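Here's the structure, in structure tokens; my notes come after.
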Amino acid sequence: MTGLPIKRNFQAVLDAWRIRFDPTGLSSVYGLNRNFSDIYSPVLSAEHQGEFAHRYILGLYDLLRRITDAFPDVLFEACAAGGNRFDMGMLDFSALTPFNRKVIKKQVAFYKEHRLLLQFGRFYRLENPETPNGAAWIIVSENKNEAIPGGYQKLSRPNPPSLKILLDGLNSELTYQVTGRDEFMDIHDIEALADHYLYPLESFRTRAGGDELMQAGLGLSQRFHGGGFDETVTITGDFASRIYVLKA
């Protein structure tokens, strides 16, 4: 029953926000900016003290579920100070659309497929994230037979130029097959044609030598200019990203 006063207090805060600031919607940041230490519960027996952290998360889920039941439009940002809590269960309270859920499922599958490279590969920063254009990086396997570069755009601009990313850490003697990760767009963003349809974006495939990729760069797909869209053209809005897989 100890969670009920917390729930009532949280609900009072959200009620006050809706009345005073935003009658149409709610947004809440639920942070975890300090790790727990010396955790225990006076109501748990000695043999059950190890369950405390798990019980806390279950209680957190229950609290958030109560709040979302009372405020269906609330949007939770499950902030965790840069990684103190990475809990996929929090996505249940993030107002995800069916499209979001399908895309996240594919992203998780991509990570699992390349888990060893992403965890243990060598990381190179290719473009400074403080630049106006965005950022780029690459992760290269120890034997340099595989790599995953990624490019990240900040704000979209009209009539954008073609882009190249100068890669690093590859074997200049090898030739790499470069394949873009499958990307999708919610069809509702352009036209209400079908519910929750994953509209496939550009298909990117090329072969290039490691020396070419590091000296001349990886030439990316032409970006959409308002007409002539096909599988060779990429649509990138604000804060868009592209990830590629290299295999020798």
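Here, A, B, ... name the chains of the structure tokens in the order displayed, residue numbers run from 1 inside each chain, and ligands are numbered from 1 in the same displayed order.
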Exercise. Excluding Leu220 (chain A) and any residue of its chain fewer than 3 positions from it, enumerate the residues within 9 Å of it, using only C-alpha atoms, and give them as a PyMOL selection string.
Key: chain A and resi 162-165+204+223+234
Self-check item: Close residues, Ser37 (chain A) itself excluded, 12 Å, only C-alpha atoms, min 2 positions apart in chain, as a list in words
Solution: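 The neighbour list is Arg34, Asn35, Ile39, Tyr40, Phe52 and Ala53 of chain A.
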Residues as selected, all heavy atoms, written as a PDB file, in the first residue's frame, can you do that?
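Produced file selection_14.pdb, reproduced below:
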```pdb
ATOM      1  N   ARG A  34      20.602   8.782 -10.301  1.00  0.00           N
ATOM      2  CA  ARG A  34      21.508   8.318  -9.253  1.00  0.00           C
ATOM      3  C   ARG A  34      21.259   6.838  -9.003  1.00  0.00           C
ATOM      4  O   ARG A  34      20.119   6.410  -8.814  1.00  0.00           O
ATOM      5  CB  ARG A  34      21.285   9.114  -7.963  1.00  0.00           C
ATOM      6  CG  ARG A  34      22.222   8.702  -6.840  1.00  0.00           C
ATOM      7  CD  ARG A  34      22.041   9.583  -5.615  1.00  0.00           C
ATOM      8  NE  ARG A  34      22.928   9.178  -4.530  1.00  0.00           N
ATOM      9  CZ  ARG A  34      22.977   9.776  -3.354  1.00  0.00           C
ATOM     10  NH1 ARG A  34      22.192  10.815  -3.117  1.00  0.00           N
ATOM     11  NH2 ARG A  34      23.802   9.346  -2.425  1.00  0.00           N
ATOM     12  N   ASN A  35      22.323   6.060  -9.020  1.00  0.00           N
ATOM     13  CA  ASN A  35      22.185   4.626  -8.787  1.00  0.00           C
ATOM     14  C   ASN A  35      21.848   4.344  -7.327  1.00  0.00           C
ATOM     15  O   ASN A  35      22.294   5.049  -6.419  1.00  0.00           O
ATOM     16  CB  ASN A  35      23.484   3.903  -9.150  1.00  0.00           C
ATOM     17  CG  ASN A  35      23.759   3.921 -10.635  1.00  0.00           C
ATOM     18  OD1 ASN A  35      22.838   3.876 -11.433  1.00  0.00           O
ATOM     19  ND2 ASN A  35      25.027   3.991 -11.004  1.00  0.00           N
ATOM     20  N   ILE A  39      20.684  -1.103  -0.832  1.00  0.00           N
ATOM     21  CA  ILE A  39      19.229  -1.183  -0.890  1.00  0.00           C
ATOM     22  C   ILE A  39      18.720  -2.386  -0.100  1.00  0.00           C
ATOM     23  O   ILE A  39      19.324  -3.457  -0.100  1.00  0.00           O
ATOM     24  CB  ILE A  39      18.742  -1.251  -2.355  1.00  0.00           C
ATOM     25  CG1 ILE A  39      19.378  -2.431  -3.091  1.00  0.00           C
ATOM     26  CG2 ILE A  39      19.053   0.049  -3.086  1.00  0.00           C
ATOM     27  CD1 ILE A  39      18.864  -2.607  -4.501  1.00  0.00           C
ATOM     28  N   TYR A  40      17.623  -2.172   0.592  1.00  0.00           N
ATOM     29  CA  TYR A  40      16.975  -3.247   1.347  1.00  0.00           C
ATOM     30  C   TYR A  40      15.562  -2.787   1.660  1.00  0.00           C
ATOM     31  O   TYR A  40      15.187  -1.630   1.428  1.00  0.00           O
ATOM     32  CB  TYR A  40      17.734  -3.548   2.644  1.00  0.00           C
ATOM     33  CG  TYR A  40      17.630  -2.451   3.668  1.00  0.00           C
ATOM     34  CD1 TYR A  40      16.665  -2.501   4.677  1.00  0.00           C
ATOM     35  CD2 TYR A  40      18.478  -1.345   3.617  1.00  0.00           C
ATOM     36  CE1 TYR A  40      16.548  -1.484   5.612  1.00  0.00           C
ATOM     37  CE2 TYR A  40      18.370  -0.327   4.542  1.00  0.00           C
ATOM     38  CZ  TYR A  40      17.408  -0.395   5.538  1.00  0.00           C
ATOM     39  OH  TYR A  40      17.294   0.616   6.451  1.00  0.00           O
ATOM     40  N   PHE A  52      14.629  -7.181  -3.906  1.00  0.00           N
ATOM     41  CA  PHE A  52      14.214  -5.786  -3.751  1.00  0.00           C
ATOM     42  C   PHE A  52      14.243  -5.019  -5.073  1.00  0.00           C
ATOM     43  O   PHE A  52      13.275  -4.335  -5.426  1.00  0.00           O
ATOM     44  CB  PHE A  52      15.111  -5.082  -2.726  1.00  0.00           C
ATOM     45  CG  PHE A  52      14.762  -3.637  -2.531  1.00  0.00           C
ATOM     46  CD1 PHE A  52      13.770  -3.256  -1.642  1.00  0.00           C
ATOM     47  CD2 PHE A  52      15.413  -2.645  -3.257  1.00  0.00           C
ATOM     48  CE1 PHE A  52      13.436  -1.918  -1.477  1.00  0.00           C
ATOM     49  CE2 PHE A  52      15.090  -1.315  -3.100  1.00  0.00           C
ATOM     50  CZ  PHE A  52      14.101  -0.945  -2.203  1.00  0.00           C
ATOM     51  N   ALA A  53      15.357  -5.102  -5.816  1.00  0.00           N
ATOM     52  CA  ALA A  53      15.479  -4.323  -7.051  1.00  0.00           C
ATOM     53  C   ALA A  53      14.414  -4.731  -8.065  1.00  0.00           C
ATOM     54  O   ALA A  53      13.822  -3.880  -8.743  1.00  0.00           O
ATOM     55  CB  ALA A  53      16.880  -4.489  -7.644  1.00  0.00           C
TER      56      ALA A  53
END
```
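The closest residue to Asp211 (chain A), picked from A:Gln119, A:Asn128, A:Asn143, A:Ser172 and counting only C-alpha atoms, is A:Ser172.
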Could you pull out all residues of region 35-214 of chain A with a DSSP call of strand (DSSP E) and give them as a tab-separated table (two decimals) with all heavy atoms, in the first residue's frame?
```tsv
chain	number	residue	atom	x	y	z
A	74	VAL	N	-0.70	10.92	-21.63
A	74	VAL	CA	0.59	11.29	-21.06
A	74	VAL	C	1.72	10.62	-21.84
A	74	VAL	O	1.60	9.48	-22.30
A	74	VAL	CB	0.67	10.90	-19.57
A	74	VAL	CG1	0.67	9.40	-19.39
A	74	VAL	CG2	1.90	11.53	-18.91
A	75	LEU	N	2.81	11.36	-22.04
A	75	LEU	CA	3.98	10.84	-22.73
A	75	LEU	C	5.15	10.82	-21.75
A	75	LEU	O	5.54	11.86	-21.23
A	75	LEU	CB	4.33	11.72	-23.94
A	75	LEU	CG	5.62	11.35	-24.69
A	75	LEU	CD1	5.51	9.96	-25.29
A	75	LEU	CD2	5.93	12.38	-25.77
A	76	PHE	N	5.70	9.64	-21.48
A	76	PHE	CA	6.81	9.50	-20.56
A	76	PHE	C	8.13	9.45	-21.32
A	76	PHE	O	8.27	8.68	-22.28
A	76	PHE	CB	6.68	8.23	-19.72
A	76	PHE	CG	5.72	8.36	-18.58
A	76	PHE	CD1	4.45	7.82	-18.68
A	76	PHE	CD2	6.08	9.03	-17.43
A	76	PHE	CE1	3.55	7.94	-17.63
A	76	PHE	CE2	5.19	9.16	-16.38
A	76	PHE	CZ	3.92	8.62	-16.48
A	77	GLU	N	9.07	10.27	-20.90
A	77	GLU	CA	10.44	10.17	-21.39
A	77	GLU	C	11.24	9.46	-20.30
A	77	GLU	O	11.49	10.02	-19.23
A	77	GLU	CB	11.04	11.55	-21.66
A	77	GLU	CG	12.48	11.49	-22.13
A	77	GLU	CD	13.11	12.87	-22.24
A	77	GLU	OE1	12.36	13.86	-22.28
A	77	GLU	OE2	14.35	12.94	-22.27
A	122	ARG	N	36.16	-2.04	-32.73
A	122	ARG	CA	36.86	-0.78	-32.44
A	122	ARG	C	36.04	0.38	-32.98
A	122	ARG	O	35.63	0.38	-34.13
A	122	ARG	CB	38.26	-0.79	-33.05
A	122	ARG	CG	39.01	0.53	-32.89
A	122	ARG	CD	40.48	0.40	-33.13
A	122	ARG	NE	41.12	-0.39	-32.08
A	122	ARG	CZ	42.44	-0.55	-31.97
A	122	ARG	NH1	43.25	0.01	-32.85
A	122	ARG	NH2	42.94	-1.27	-31.00
A	123	PHE	N	35.85	1.39	-32.14
A	123	PHE	CA	34.99	2.53	-32.47
A	123	PHE	C	35.84	3.70	-32.95
A	123	PHE	O	36.83	4.07	-32.31
A	123	PHE	CB	34.19	2.93	-31.22
A	123	PHE	CG	33.25	4.08	-31.43
A	123	PHE	CD1	31.95	3.87	-31.84
A	123	PHE	CD2	33.67	5.39	-31.22
A	123	PHE	CE1	31.07	4.92	-32.03
A	123	PHE	CE2	32.82	6.45	-31.40
A	123	PHE	CZ	31.51	6.22	-31.81
A	124	TYR	N	35.45	4.26	-34.10
A	124	TYR	CA	36.11	5.45	-34.64
A	124	TYR	C	35.05	6.55	-34.82
A	124	TYR	O	33.99	6.30	-35.40
A	124	TYR	CB	36.74	5.18	-36.01
A	124	TYR	CG	37.84	4.14	-36.02
A	124	TYR	CD1	37.54	2.78	-36.11
A	124	TYR	CD2	39.18	4.52	-35.98
A	124	TYR	CE1	38.55	1.83	-36.15
A	124	TYR	CE2	40.19	3.57	-36.02
A	124	TYR	CZ	39.87	2.23	-36.10
A	124	TYR	OH	40.87	1.29	-36.14
A	125	ARG	N	35.36	7.74	-34.36
A	125	ARG	CA	34.48	8.87	-34.62
A	125	ARG	C	34.92	9.53	-35.92
A	125	ARG	O	36.06	9.98	-36.05
A	125	ARG	CB	34.53	9.88	-33.48
A	125	ARG	CG	33.46	10.96	-33.61
A	125	ARG	CD	33.40	11.86	-32.39
A	125	ARG	NE	34.54	12.75	-32.31
A	125	ARG	CZ	34.66	13.70	-31.39
A	125	ARG	NH1	33.73	13.85	-30.47
A	125	ARG	NH2	35.73	14.48	-31.38
A	126	LEU	N	34.01	9.58	-36.90
A	126	LEU	CA	34.36	10.07	-38.23
A	126	LEU	C	34.04	11.55	-38.41
A	126	LEU	O	34.75	12.25	-39.12
A	126	LEU	CB	33.61	9.26	-39.29
A	126	LEU	CG	33.82	7.74	-39.23
A	126	LEU	CD1	32.95	7.05	-40.28
A	126	LEU	CD2	35.29	7.39	-39.44
A	127	GLU	N	32.95	12.00	-37.82
A	127	GLU	CA	32.56	13.41	-37.92
A	127	GLU	C	32.17	13.91	-36.54
A	127	GLU	O	31.43	13.24	-35.82
A	127	GLU	CB	31.40	13.60	-38.90
A	127	GLU	CG	31.76	13.29	-40.35
A	127	GLU	CD	30.61	13.58	-41.30
A	127	GLU	OE1	29.62	14.19	-40.86
A	127	GLU	OE2	30.71	13.17	-42.47
A	128	ASN	N	32.65	15.08	-36.19
A	128	ASN	CA	32.38	15.67	-34.89
A	128	ASN	C	30.88	15.94	-34.74
A	128	ASN	O	30.29	16.63	-35.57
A	128	ASN	CB	33.16	16.98	-34.76
A	128	ASN	CG	33.10	17.54	-33.35
A	128	ASN	OD1	32.18	17.27	-32.58
A	128	ASN	ND2	34.11	18.33	-33.00
A	129	PRO	N	30.24	15.41	-33.70
A	129	PRO	CA	28.80	15.64	-33.54
A	129	PRO	C	28.43	17.09	-33.27
A	129	PRO	O	27.25	17.45	-33.33
A	129	PRO	CB	28.44	14.75	-32.34
A	129	PRO	CG	29.72	14.54	-31.61
A	129	PRO	CD	30.79	14.54	-32.65
A	130	GLU	N	29.42	17.94	-32.98
A	130	GLU	CA	29.14	19.35	-32.73
A	130	GLU	C	29.05	20.16	-34.02
A	130	GLU	O	28.71	21.34	-33.99
A	130	GLU	CB	30.22	19.95	-31.83
A	130	GLU	CG	30.32	19.29	-30.46
A	130	GLU	CD	29.02	19.36	-29.68
A	130	GLU	OE1	28.33	20.39	-29.79
A	130	GLU	OE2	28.69	18.39	-28.98
A	131	THR	N	29.35	19.53	-35.17
A	131	THR	CA	29.26	20.26	-36.43
A	131	THR	C	27.79	20.42	-36.82
A	131	THR	O	26.93	19.66	-36.38
A	131	THR	CB	30.00	19.50	-37.55
A	131	THR	OG1	29.40	18.20	-37.69
A	131	THR	CG2	31.47	19.35	-37.21
A	134	GLY	N	25.81	17.16	-38.39
A	134	GLY	CA	25.47	15.97	-37.63
A	134	GLY	C	26.71	15.20	-37.22
A	134	GLY	O	27.73	15.80	-36.91
A	135	ALA	N	26.63	13.88	-37.24
A	135	ALA	CA	27.74	13.06	-36.76
A	135	ALA	C	27.84	11.80	-37.60
A	135	ALA	O	26.90	11.41	-38.29
A	135	ALA	CB	27.54	12.70	-35.29
A	136	ALA	N	29.01	11.17	-37.53
A	136	ALA	CA	29.22	9.88	-38.19
A	136	ALA	C	30.27	9.10	-37.41
A	136	ALA	O	31.19	9.69	-36.83
A	136	ALA	CB	29.67	10.06	-39.64
A	137	TRP	N	30.11	7.78	-37.37
A	137	TRP	CA	31.06	6.92	-36.68
A	137	TRP	C	31.13	5.59	-37.41
A	137	TRP	O	30.32	5.30	-38.30
A	137	TRP	CB	30.68	6.71	-35.22
A	137	TRP	CG	29.24	6.32	-34.98
A	137	TRP	CD1	28.24	7.10	-34.49
A	137	TRP	CD2	28.63	5.04	-35.24
A	137	TRP	NE1	27.06	6.40	-34.42
A	137	TRP	CE2	27.27	5.13	-34.87
A	137	TRP	CE3	29.09	3.82	-35.74
A	137	TRP	CZ2	26.38	4.06	-34.99
A	137	TRP	CZ3	28.21	2.75	-35.87
A	137	TRP	CH2	26.87	2.88	-35.49
A	138	ILE	N	32.09	4.76	-37.03
A	138	ILE	CA	32.20	3.42	-37.59
A	138	ILE	C	32.74	2.48	-36.52
A	138	ILE	O	33.57	2.89	-35.69
A	138	ILE	CB	33.10	3.39	-38.84
A	138	ILE	CG1	33.07	2.02	-39.52
A	138	ILE	CG2	34.52	3.79	-38.51
A	138	ILE	CD1	33.77	1.98	-40.87
A	139	ILE	N	32.25	1.25	-36.51
A	139	ILE	CA	32.76	0.20	-35.63
A	139	ILE	C	33.35	-0.89	-36.52
A	139	ILE	O	32.66	-1.39	-37.42
A	139	ILE	CB	31.65	-0.37	-34.74
A	139	ILE	CG1	31.06	0.73	-33.86
A	139	ILE	CG2	32.19	-1.50	-33.86
A	139	ILE	CD1	29.87	0.29	-33.04
A	140	VAL	N	34.61	-1.25	-36.29
A	140	VAL	CA	35.33	-2.18	-37.15
A	140	VAL	C	35.74	-3.41	-36.35
A	140	VAL	O	36.20	-3.29	-35.20
A	140	VAL	CB	36.59	-1.51	-37.75
A	140	VAL	CG1	37.29	-2.45	-38.72
A	140	VAL	CG2	36.21	-0.21	-38.46
A	146	GLU	N	34.75	-6.92	-41.17
A	146	GLU	CA	33.39	-6.40	-41.04
A	146	GLU	C	33.44	-5.02	-40.38
A	146	GLU	O	34.33	-4.73	-39.58
A	146	GLU	CB	32.51	-7.32	-40.20
A	146	GLU	CG	32.27	-8.68	-40.79
A	146	GLU	CD	31.33	-9.50	-39.93
A	146	GLU	OE1	30.13	-9.16	-39.90
A	146	GLU	OE2	31.80	-10.45	-39.29
A	147	ALA	N	32.46	-4.21	-40.71
A	147	ALA	CA	32.36	-2.89	-40.10
A	147	ALA	C	30.93	-2.39	-40.23
A	147	ALA	O	30.19	-2.80	-41.13
A	147	ALA	CB	33.33	-1.90	-40.76
A	148	ILE	N	30.55	-1.52	-39.32
A	148	ILE	CA	29.23	-0.88	-39.36
A	148	ILE	C	29.42	0.62	-39.18
A	148	ILE	O	29.70	1.08	-38.07
A	148	ILE	CB	28.29	-1.43	-38.28
A	148	ILE	CG1	27.99	-2.91	-38.53
A	148	ILE	CG2	26.99	-0.63	-38.23
A	148	ILE	CD1	27.05	-3.53	-37.52
A	149	PRO	N	29.31	1.39	-40.26
A	149	PRO	CA	29.32	2.85	-40.12
A	149	PRO	C	27.89	3.39	-39.99
A	149	PRO	O	26.93	2.75	-40.43
A	149	PRO	CB	29.96	3.31	-41.43
A	149	PRO	CG	29.58	2.25	-42.42
A	149	PRO	CD	29.40	0.96	-41.65
A	150	GLY	N	27.78	4.55	-39.40
A	150	GLY	CA	26.48	5.19	-39.27
A	150	GLY	C	26.60	6.69	-39.46
A	150	GLY	O	27.60	7.30	-39.06
A	151	GLY	N	25.61	7.28	-40.09
A	151	GLY	CA	25.56	8.73	-40.27
A	151	GLY	C	24.30	9.29	-39.65
A	151	GLY	O	23.22	8.70	-39.78
A	152	TYR	N	24.41	10.44	-38.97
A	152	TYR	CA	23.30	11.00	-38.21
A	152	TYR	C	23.13	12.47	-38.56
A	152	TYR	O	24.06	13.27	-38.41
A	152	TYR	CB	23.54	10.82	-36.71
A	152	TYR	CG	23.70	9.37	-36.36
A	152	TYR	CD1	24.94	8.75	-36.45
A	152	TYR	CD2	22.60	8.61	-35.99
A	152	TYR	CE1	25.09	7.40	-36.18
A	152	TYR	CE2	22.73	7.26	-35.71
A	152	TYR	CZ	23.98	6.66	-35.80
A	152	TYR	OH	24.11	5.32	-35.54
A	153	GLN	N	21.96	12.81	-39.03
A	153	GLN	CA	21.66	14.17	-39.46
A	153	GLN	C	20.94	14.93	-38.36
A	153	GLN	O	20.11	14.36	-37.64
A	153	GLN	CB	20.76	14.12	-40.71
A	153	GLN	CG	20.25	15.46	-41.18
A	153	GLN	CD	19.44	15.31	-42.45
A	153	GLN	OE1	20.00	15.19	-43.53
A	153	GLN	NE2	18.13	15.31	-42.34
A	164	LYS	N	29.21	12.35	-48.65
A	164	LYS	CA	30.14	11.23	-48.55
A	164	LYS	C	30.66	11.17	-47.12
A	164	LYS	O	30.81	12.18	-46.46
A	164	LYS	CB	31.31	11.41	-49.51
A	164	LYS	CG	30.99	11.14	-50.97
A	164	LYS	CD	32.25	11.16	-51.81
A	164	LYS	CE	31.95	10.80	-53.26
A	164	LYS	NZ	33.19	10.78	-54.08
A	165	ILE	N	30.89	9.95	-46.67
A	165	ILE	CA	31.48	9.75	-45.34
A	165	ILE	C	32.84	9.09	-45.53
A	165	ILE	O	32.94	8.01	-46.11
A	165	ILE	CB	30.59	8.86	-44.46
A	165	ILE	CG1	29.21	9.47	-44.27
A	165	ILE	CG2	31.25	8.65	-43.09
A	165	ILE	CD1	28.26	8.60	-43.46
A	175	THR	N	38.23	-5.64	-50.47
A	175	THR	CA	37.05	-5.05	-51.11
A	175	THR	C	35.84	-5.41	-50.26
A	175	THR	O	35.66	-6.57	-49.87
A	175	THR	CB	36.87	-5.59	-52.54
A	175	THR	OG1	38.01	-5.21	-53.32
A	175	THR	CG2	35.62	-5.01	-53.17
A	176	TYR	N	35.00	-4.43	-50.00
A	176	TYR	CA	33.87	-4.61	-49.09
A	176	TYR	C	32.54	-4.52	-49.84
A	176	TYR	O	32.37	-3.67	-50.73
A	176	TYR	CB	33.88	-3.55	-47.99
A	176	TYR	CG	35.04	-3.65	-47.04
A	176	TYR	CD1	36.25	-3.01	-47.32
A	176	TYR	CD2	34.94	-4.39	-45.87
A	176	TYR	CE1	37.32	-3.09	-46.45
A	176	TYR	CE2	36.01	-4.48	-44.99
A	176	TYR	CZ	37.20	-3.83	-45.29
A	176	TYR	OH	38.26	-3.92	-44.42
A	177	GLN	N	31.63	-5.41	-49.47
A	177	GLN	CA	30.24	-5.28	-49.89
A	177	GLN	C	29.54	-4.39	-48.87
A	177	GLN	O	29.54	-4.69	-47.67
A	177	GLN	CB	29.56	-6.65	-49.94
A	177	GLN	CG	28.08	-6.61	-50.26
A	177	GLN	CD	27.81	-6.20	-51.70
A	177	GLN	OE1	28.48	-6.67	-52.61
A	177	GLN	NE2	26.83	-5.34	-51.90
A	178	VAL	N	28.95	-3.29	-49.34
A	178	VAL	CA	28.30	-2.33	-48.45
A	178	VAL	C	26.80	-2.42	-48.65
A	178	VAL	O	26.30	-2.27	-49.77
A	178	VAL	CB	28.78	-0.89	-48.73
A	178	VAL	CG1	28.18	0.07	-47.70
A	178	VAL	CG2	30.31	-0.82	-48.71
A	179	THR	N	26.07	-2.65	-47.57
A	179	THR	CA	24.61	-2.78	-47.63
A	179	THR	C	23.99	-1.87	-46.59
A	179	THR	O	24.39	-1.88	-45.42
A	179	THR	CB	24.18	-4.23	-47.35
A	179	THR	OG1	24.87	-5.11	-48.25
A	179	THR	CG2	22.68	-4.39	-47.54
A	180	GLY	N	23.02	-1.10	-47.01
A	180	GLY	CA	22.32	-0.23	-46.07
A	180	GLY	C	21.33	-1.02	-45.24
A	180	GLY	O	20.67	-1.94	-45.75
A	184	PHE	N	12.45	2.27	-42.95
A	184	PHE	CA	11.03	2.35	-43.26
A	184	PHE	C	10.48	3.70	-42.84
A	184	PHE	O	11.04	4.39	-41.99
A	184	PHE	CB	10.25	1.24	-42.53
A	184	PHE	CG	10.72	-0.14	-42.88
A	184	PHE	CD1	11.70	-0.76	-42.12
A	184	PHE	CD2	10.20	-0.81	-43.96
A	184	PHE	CE1	12.14	-2.04	-42.43
A	184	PHE	CE2	10.63	-2.09	-44.29
A	184	PHE	CZ	11.60	-2.70	-43.52
A	185	MET	N	9.36	4.06	-43.45
A	185	MET	CA	8.67	5.29	-43.10
A	185	MET	C	7.20	4.96	-42.87
A	185	MET	O	6.63	4.13	-43.58
A	185	MET	CB	8.81	6.32	-44.22
A	185	MET	CG	8.10	7.64	-43.96
A	185	MET	SD	8.48	8.88	-45.23
A	185	MET	CE	7.87	8.04	-46.70
A	186	ASP	N	6.63	5.60	-41.87
A	186	ASP	CA	5.21	5.43	-41.61
A	186	ASP	C	4.43	6.05	-42.77
A	186	ASP	O	4.58	7.23	-43.07
A	186	ASP	CB	4.83	6.11	-40.30
A	186	ASP	CG	3.42	5.75	-39.84
A	186	ASP	OD1	2.64	5.25	-40.67
A	186	ASP	OD2	3.12	5.98	-38.67
A	198	LEU	N	4.54	-0.53	-43.15
A	198	LEU	CA	5.96	-0.17	-43.16
A	198	LEU	C	6.37	0.11	-44.60
A	198	LEU	O	6.59	-0.81	-45.39
A	198	LEU	CB	6.81	-1.30	-42.59
A	198	LEU	CG	6.58	-1.66	-41.12
A	198	LEU	CD1	7.45	-2.83	-40.73
A	198	LEU	CD2	6.86	-0.47	-40.23
A	199	TYR	N	6.47	1.38	-44.95
A	199	TYR	CA	6.82	1.75	-46.31
A	199	TYR	C	8.34	1.70	-46.46
A	199	TYR	O	9.06	2.47	-45.81
A	199	TYR	CB	6.31	3.17	-46.61
A	199	TYR	CG	6.46	3.58	-48.05
A	199	TYR	CD1	5.52	3.22	-48.99
A	199	TYR	CD2	7.56	4.33	-48.46
A	199	TYR	CE1	5.66	3.60	-50.31
A	199	TYR	CE2	7.71	4.71	-49.78
A	199	TYR	CZ	6.75	4.34	-50.70
A	199	TYR	OH	6.90	4.71	-52.00
A	200	PRO	N	8.87	0.79	-47.29
A	200	PRO	CA	10.33	0.67	-47.39
A	200	PRO	C	10.94	1.87	-48.10
A	200	PRO	O	10.41	2.37	-49.10
A	200	PRO	CB	10.51	-0.62	-48.21
A	200	PRO	CG	9.25	-0.74	-49.00
A	200	PRO	CD	8.16	-0.16	-48.15
A	205	ARG	N	23.16	-0.63	-51.96
A	205	ARG	CA	24.16	-1.69	-52.07
A	205	ARG	C	25.27	-1.22	-53.01
A	205	ARG	O	25.00	-0.65	-54.06
A	205	ARG	CB	23.55	-2.99	-52.60
A	205	ARG	CG	22.74	-3.74	-51.56
A	205	ARG	CD	22.11	-5.00	-52.14
A	205	ARG	NE	21.45	-5.78	-51.11
A	205	ARG	CZ	20.27	-5.50	-50.60
A	205	ARG	NH1	19.60	-4.45	-51.05
A	205	ARG	NH2	19.74	-6.25	-49.66
A	206	THR	N	26.50	-1.48	-52.61
A	206	THR	CA	27.63	-1.14	-53.46
A	206	THR	C	28.83	-1.97	-53.03
A	206	THR	O	28.82	-2.58	-51.96
A	206	THR	CB	27.95	0.37	-53.38
A	206	THR	OG1	28.93	0.70	-54.38
A	206	THR	CG2	28.50	0.74	-52.02
A	207	ARG	N	29.85	-2.00	-53.86
A	207	ARG	CA	31.12	-2.64	-53.52
A	207	ARG	C	32.22	-1.61	-53.70
A	207	ARG	O	32.22	-0.84	-54.66
A	207	ARG	CB	31.39	-3.86	-54.42
A	207	ARG	CG	30.51	-5.05	-54.11
A	207	ARG	CD	30.85	-6.23	-55.03
A	207	ARG	NE	32.21	-6.72	-54.81
A	207	ARG	CZ	32.55	-7.59	-53.87
A	207	ARG	NH1	31.64	-8.05	-53.03
A	207	ARG	NH2	33.80	-7.99	-53.75
A	208	ALA	N	33.15	-1.61	-52.77
A	208	ALA	CA	34.25	-0.64	-52.85
A	208	ALA	C	35.42	-1.16	-52.04
A	208	ALA	O	35.25	-1.92	-51.07
A	208	ALA	CB	33.81	0.72	-52.32
A	209	GLY	N	36.60	-0.75	-52.44
A	209	GLY	CA	37.81	-1.14	-51.72
A	209	GLY	C	37.97	-0.35	-50.44
A	209	GLY	O	37.48	0.78	-50.31
```
Exercise. Skip Leu58 (chain A) itself and residues of its chain fewer than 5 positions away, then list as a list in words all residues within 12 Å of it, counting only C-alpha atoms.
Key: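 Counting only the stated atoms, we get Gly3, Glu51, Phe52, Ala53, Leu63, Leu64, Arg65, Asp87, Gly89 and Met90 of chain A.
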Exercise. Mind the document's chain letters and residue numbers, and return as an NGL selection string the residues of region 76-201 of chain A that DSSP labels alpha helix (DSSP H).
Key: :A and (98-113 or 115-120)
Quiz prompt | Closest of A:Leu201, A:Val245, A:Ile235, A:Met88 to Ile57 (chain A) - atom-to-atom distances counting only C-alpha atoms | solution =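 The closest residue to Ile57 (chain A) is A:Met88.
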Quiz prompt | Distance in Å - CA of Arg242 (chain A) versus CA of Leu218 (chain A) | solution = 12.3 Å
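For the residues A:Pro158, A:Leu91, A:Arg66, A:Asp168, ranking by smallest atom-to-atom distance to Ala78 (chain A) using only C-alpha atoms places A:Leu91 first.
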Quiz prompt | Å distance separating CA of Leu117 (chain A) from CA of Tyr244 (chain A), one decimal place | solution =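 Value for the CA of Leu117 (chain A)-CA of Tyr244 (chain A) distance: 13.0 Å.
In this structure, CA of Glu142 (chain A) sits 11.5 Å away from CA of Leu118 (chain A).
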Quiz prompt | Selection: 8 Å around Asn171 (chain A), only C-alpha atoms, excl. self and same-chain fewer than 6 positions, as an MDAnalysis selection string | solution = chainID A and resid 144:145 210:211
Just-selected residues, N, CA, C and O atoms written as a tab-separated table (two decimals), in the first residue's frame:
```
chain	number	residue	atom	x	y	z
A	144	LYS	N	39.14	-6.73	-39.25
A	144	LYS	CA	38.81	-5.72	-40.26
A	144	LYS	C	38.03	-6.28	-41.45
A	144	LYS	O	37.95	-5.65	-42.50
A	145	ASN	N	37.42	-7.45	-41.27
A	145	ASN	CA	36.58	-8.02	-42.32
A	145	ASN	C	35.16	-7.48	-42.30
A	145	ASN	O	34.43	-7.60	-43.28
A	210	GLY	N	38.67	-0.95	-49.49
A	210	GLY	CA	38.91	-0.26	-48.23
A	210	GLY	C	39.66	1.04	-48.43
A	210	GLY	O	39.39	2.04	-47.75
A	211	ASP	N	40.63	1.05	-49.36
A	211	ASP	CA	41.37	2.28	-49.62
A	211	ASP	C	40.47	3.37	-50.17
A	211	ASP	O	40.56	4.54	-49.79
```
Practice problem: Pick out the closest residue to Asn133 (chain A) from this set: A:Leu174, A:Pro160, A:Gln107, A:Arg115. Count only C-alpha atoms. | Solution: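 Using only C-alpha atoms, Asn133 (chain A) sits closest to A:Pro160.
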